[in-house]
Structure formats: C-alpha cells, structure tokens
Amino acid sequence: MNRKIKPAAALFSSALLALSMMPFAAGAETVETDDYTLDVDGSEATIVKYIGEDEDVVIPSEIEGHKITVIGDESFKSNADIVSITIPEGVTKIGGHAFAVDKGIESVTLPSTLVEIGEAAFQQCSSLSTVTFSGDEAAWQAVTIGAENELLTAVTPTYSGAPADDAGTESSADTSSADSSGEESSSAEASSEETAAAETTSEESSSAVSNDTTSDDTTTAAENTCAGEDASETEVPPSFGVNIPYLLGGIVIGVAVLDILYYSIKKPQPPTPEIPDNNGGYGQR
C-alpha cells in the first residue's frame, strides 16, 4: 500500500512544479490597433506591422500603455504611401528590411536612443534626402548600421540634440549654466538699477538746473520789463509824448486861421459909387 502512495505523491509534485514554471515560459502577446500590430512583452512592445495609411507617419512612444522599443523586421516594408517617418525616443532597434522598398520616403527622424539599424532597413529608399538624428554626431557614429543601407548613410544627418545617456550630464550643465546665468542676470540687473538710479539723479539735477535757469531768466525779464516801464514813465510821459505833433499842428493851424481873419478885417473897402438922383444931383447908393 505504501509503495503505491509514493509514486502518486511524486507525480503530484512534478505537476505543481510544471505549473509554477508556466508564466516564465509564456510567449509575447499580440495586440492589434487601427494602425499597428504589436508584439507586447510586459510594458514594452515591438511594432510587427504598420497597417495605417498616413503619408507622414509619426510613431507614438507608447501604444495602449506599451512603450515602443523596437521597429520589427519588414514592419513598414513596401509601403508606397509613406513620405516621412518619425521614430520616437525610446526605440533602440530598427529591424532588417523595416522600411525597404519604401520608395516614397523623403525624410526620416531617428531617436537619440537608437543603438542598431538592421540589414537593408532602408534598402531601395531612393527618395530619401533628409535624415534628422535627435542626438549628437558622436552618438550617431556609435549606432551599428547593417549592410545595404547605403541610401541612408549617403545622407549627412542633421543633429538636433544630445544622446539620452548624456542627458543627465547635460541637464546638470544646463542647470549650472542657468545658475550662472541667473547670478549674472542678477548682477546685471543690479548694475542696471544702479545705472538707472544714477541717470535719474543726473536727470533730476539737470532738470533742477534748467528750472533754476528758467526761473532766473523769467525774473530777469520781469525786472527788465519793470525797469523799462519805470524809465518810460519817469522820462517821457506816454500821453505828452504822443500828443506833441497834434499840439504843434493845432498851433500852426490856429495861427493861420488868425492871420486870415486879420487880413480879412484890415482889407480896404472899395468906394461906394455915386449916382444921380431925380433932382439932378448925385447921391450914394
């Protein structure tokens, strides 16, 4: 009896062990959206196939909560509609033949997190003329690029930033720079305030001098006016000075009139003629 129980216990233990190991052996889950088919493994995802119809494709950094880290093999292959493609930060690998025979692609934007580009990923992309890399030149030189990507490597990239690994260092540098800039700005602002205060004081002084000068000029003008009026009143009375010509004219006219009257009175009168009267004599008329 005991001999039969032991094999049964061993079988039960083996089954439990197998069940406990099943989650570790589970494969990736497939998720399909309107534009993409994904292989999801935990929080990360690989784009298996692009099924959208956009000309300017901007791949999101996350799809349904899954971070995109890999552009899968042949995932965008032979798509004649795509004109430009933007791959997000966080993607580390572009698989082989991923964009092969996409002859309409003119521009590609690649992330600074990129580590590897697979064989023939951009094969026969004959319209490709613009490549933008989100890192710096050193990070681009560190990317492993597979064979048959001559159309990609023939284009001189435009660098728009620094690699993700150096982001922390750059952030510190930027912070230090910002602090220095802040201190310099504070010093500059203090200097500007002092300069403004000095200019204000200078302007006030100039204004005060100008006001004093104007006041002195006004006082002098007023004094000159008063002095002129006093001198005019003392030396030549305005009424007398104005009436002298009229007075002289009146005198001359008066003398002339008197002279005319005098000679009119003294002028000898003609004799009265005598005429005969009715009696044969002469008498005066």
# chains A, B, ... in the order shown; residues from 1 in each chain; ligands from 1
>>> select_by_dssp(residues="segment 76-175 of chain A", states="strand (DSSP E)", output="list in words")
Ser84, Ile85, Thr86, Lys93, Ile94, Ser107, Val108, Thr109, Leu110, Glu116, Ile117, Thr130, Val131, Thr132, Phe133, Thr144, Ile145, Thr158 and Tyr159 of chain A
>>> write_last_selection(atoms="C-alpha atoms", output="PDB file, in the first residue's frame")
ATOM      1  CA  SER A  84       8.131  60.889 -43.950  1.00  0.00           C
ATOM      2  CA  ILE A  85       8.676  58.791 -40.848  1.00  0.00           C
ATOM      3  CA  THR A  86       9.369  59.925 -37.279  1.00  0.00           C
ATOM      4  CA  LYS A  93      16.492  48.990 -32.716  1.00  0.00           C
ATOM      5  CA  ILE A  94      15.185  49.141 -36.287  1.00  0.00           C
ATOM      6  CA  SER A 107      12.743  62.244 -44.701  1.00  0.00           C
ATOM      7  CA  VAL A 108      13.454  60.175 -41.591  1.00  0.00           C
ATOM      8  CA  THR A 109      13.759  61.329 -37.970  1.00  0.00           C
ATOM      9  CA  LEU A 110      15.682  58.921 -35.742  1.00  0.00           C
ATOM     10  CA  GLU A 116      21.133  49.372 -34.049  1.00  0.00           C
ATOM     11  CA  ILE A 117      19.789  49.577 -37.609  1.00  0.00           C
ATOM     12  CA  THR A 130      16.773  64.209 -45.216  1.00  0.00           C
ATOM     13  CA  VAL A 131      17.917  62.384 -42.086  1.00  0.00           C
ATOM     14  CA  THR A 132      17.481  64.018 -38.675  1.00  0.00           C
ATOM     15  CA  PHE A 133      19.124  62.453 -35.644  1.00  0.00           C
ATOM     16  CA  THR A 144      25.528  49.981 -35.582  1.00  0.00           C
ATOM     17  CA  ILE A 145      24.254  50.121 -39.167  1.00  0.00           C
ATOM     18  CA  THR A 158      21.145  66.919 -39.102  1.00  0.00           C
ATOM     19  CA  TYR A 159      21.868  66.680 -35.388  1.00  0.00           C
TER      20      TYR A 159
END
>>> residues_around(residues="Ile59 of chain A", least_positions_apart="4", cutoff="12 Å", atoms="only C-alpha atoms", output="PDB file with C-alpha atoms, in the first residue's frame")
ATOM      1  CA  ASP A  35      -2.632  51.433 -37.337  1.00  0.00           C
ATOM      2  CA  TYR A  36      -0.299  48.861 -35.793  1.00  0.00           C
ATOM      3  CA  THR A  46       7.677  45.705 -30.861  1.00  0.00           C
ATOM      4  CA  ILE A  47       5.910  47.004 -33.974  1.00  0.00           C
ATOM      5  CA  TYR A  50       2.124  49.050 -39.859  1.00  0.00           C
ATOM      6  CA  GLY A  52      -2.189  52.621 -41.376  1.00  0.00           C
ATOM      7  CA  ASP A  54      -0.770  58.072 -43.395  1.00  0.00           C
ATOM      8  CA  ILE A  63       0.570  52.492 -27.747  1.00  0.00           C
ATOM      9  CA  LYS A  67       6.345  51.540 -24.646  1.00  0.00           C
ATOM     10  CA  ILE A  68       7.611  51.106 -28.205  1.00  0.00           C
ATOM     11  CA  THR A  69      11.220  49.921 -28.132  1.00  0.00           C
ATOM     12  CA  VAL A  70      11.727  48.027 -31.423  1.00  0.00           C
ATOM     13  CA  ILE A  71      10.677  48.573 -35.052  1.00  0.00           C
ATOM     14  CA  PHE A  76       6.909  49.047 -42.926  1.00  0.00           C
ATOM     15  CA  SER A  84       8.131  60.889 -43.950  1.00  0.00           C
ATOM     16  CA  ILE A  85       8.676  58.791 -40.848  1.00  0.00           C
ATOM     17  CA  THR A  86       9.369  59.925 -37.279  1.00  0.00           C
ATOM     18  CA  ILE A  87      10.609  57.286 -34.836  1.00  0.00           C
ATOM     19  CA  PRO A  88      10.165  58.198 -31.146  1.00  0.00           C
ATOM     20  CA  GLU A  89      12.669  58.369 -28.309  1.00  0.00           C
ATOM     21  CA  GLY A  90      12.920  55.031 -26.518  1.00  0.00           C
ATOM     22  CA  VAL A  91      13.312  52.949 -29.675  1.00  0.00           C
ATOM     23  CA  VAL A 108      13.454  60.175 -41.591  1.00  0.00           C
ATOM     24  CA  THR A 109      13.759  61.329 -37.970  1.00  0.00           C
ATOM     25  CA  LEU A 110      15.682  58.921 -35.742  1.00  0.00           C
ATOM     26  CA  PRO A 111      15.817  58.929 -31.908  1.00  0.00           C
TER      27      PRO A 111
END
>>> closest_residue(among="A:Thr33, A:Ser160, A:Gln123, A:Ser75", to="Lys49 of chain A", atoms="only C-alpha atoms")
A:Ser75
>>> residues_around(residues="Lys103 of chain A", least_positions_apart="2", cutoff="10 Å", atoms="only C-alpha atoms", output="MDAnalysis selection string")
chainID A and resid 77:83 99:101 105:106 122:128
>>> write_last_selection(atoms="C-alpha atoms", output="mmCIF file, in the first residue's frame")
data_model
loop_
_atom_site.group_PDB
_atom_site.id
_atom_site.type_symbol
_atom_site.label_atom_id
_atom_site.label_comp_id
_atom_site.auth_asym_id
_atom_site.auth_seq_id
_atom_site.Cartn_x
_atom_site.Cartn_y
_atom_site.Cartn_z
ATOM 1 C CA LYS A 77 8.238 47.277 -45.998
ATOM 2 C CA SER A 78 6.906 48.103 -49.499
ATOM 3 C CA ASN A 79 4.648 50.933 -48.337
ATOM 4 C CA ALA A 80 4.406 53.344 -51.263
ATOM 5 C CA ASP A 81 2.285 55.914 -49.380
ATOM 6 C CA ILE A 82 4.812 56.953 -46.714
ATOM 7 C CA VAL A 83 6.618 60.259 -47.372
ATOM 8 C CA PHE A 99 11.484 50.303 -44.452
ATOM 9 C CA ALA A 100 12.835 48.514 -47.506
ATOM 10 C CA VAL A 101 11.335 49.412 -50.894
ATOM 11 C CA ILE A 105 10.149 58.188 -48.176
ATOM 12 C CA GLU A 106 11.882 61.576 -48.349
ATOM 13 C CA PHE A 122 16.346 51.397 -45.830
ATOM 14 C CA GLN A 123 17.105 49.426 -48.965
ATOM 15 C CA GLN A 124 15.745 50.995 -52.206
ATOM 16 C CA CYS A 125 14.525 54.136 -50.394
ATOM 17 C CA SER A 126 15.550 56.108 -53.459
ATOM 18 C CA SER A 127 13.792 59.380 -52.500
ATOM 19 C CA LEU A 128 15.460 59.656 -49.080
#
>>> atom_distance(atom1="atom CA of Val48 of chain A", atom2="atom CA of Val155 of chain A")
26.8 Å
>>> closest_residue(among="A:Asp56, A:Asp136, A:Glu150, A:Glu64", to="Thr37 of chain A", atoms="only C-alpha atoms")
A:Glu64
>>> residues_around(residues="Ala120 of chain A", least_positions_apart="3", cutoff="7 Å", atoms="only C-alpha atoms", output="VMD selection string")
chain A and resid 96 to 97 100 123 146 to 149
>>> atom_distance(atom1="atom CA of Gly95 of chain A", atom2="atom CA of Glu74 of chain A")
7.1 Å
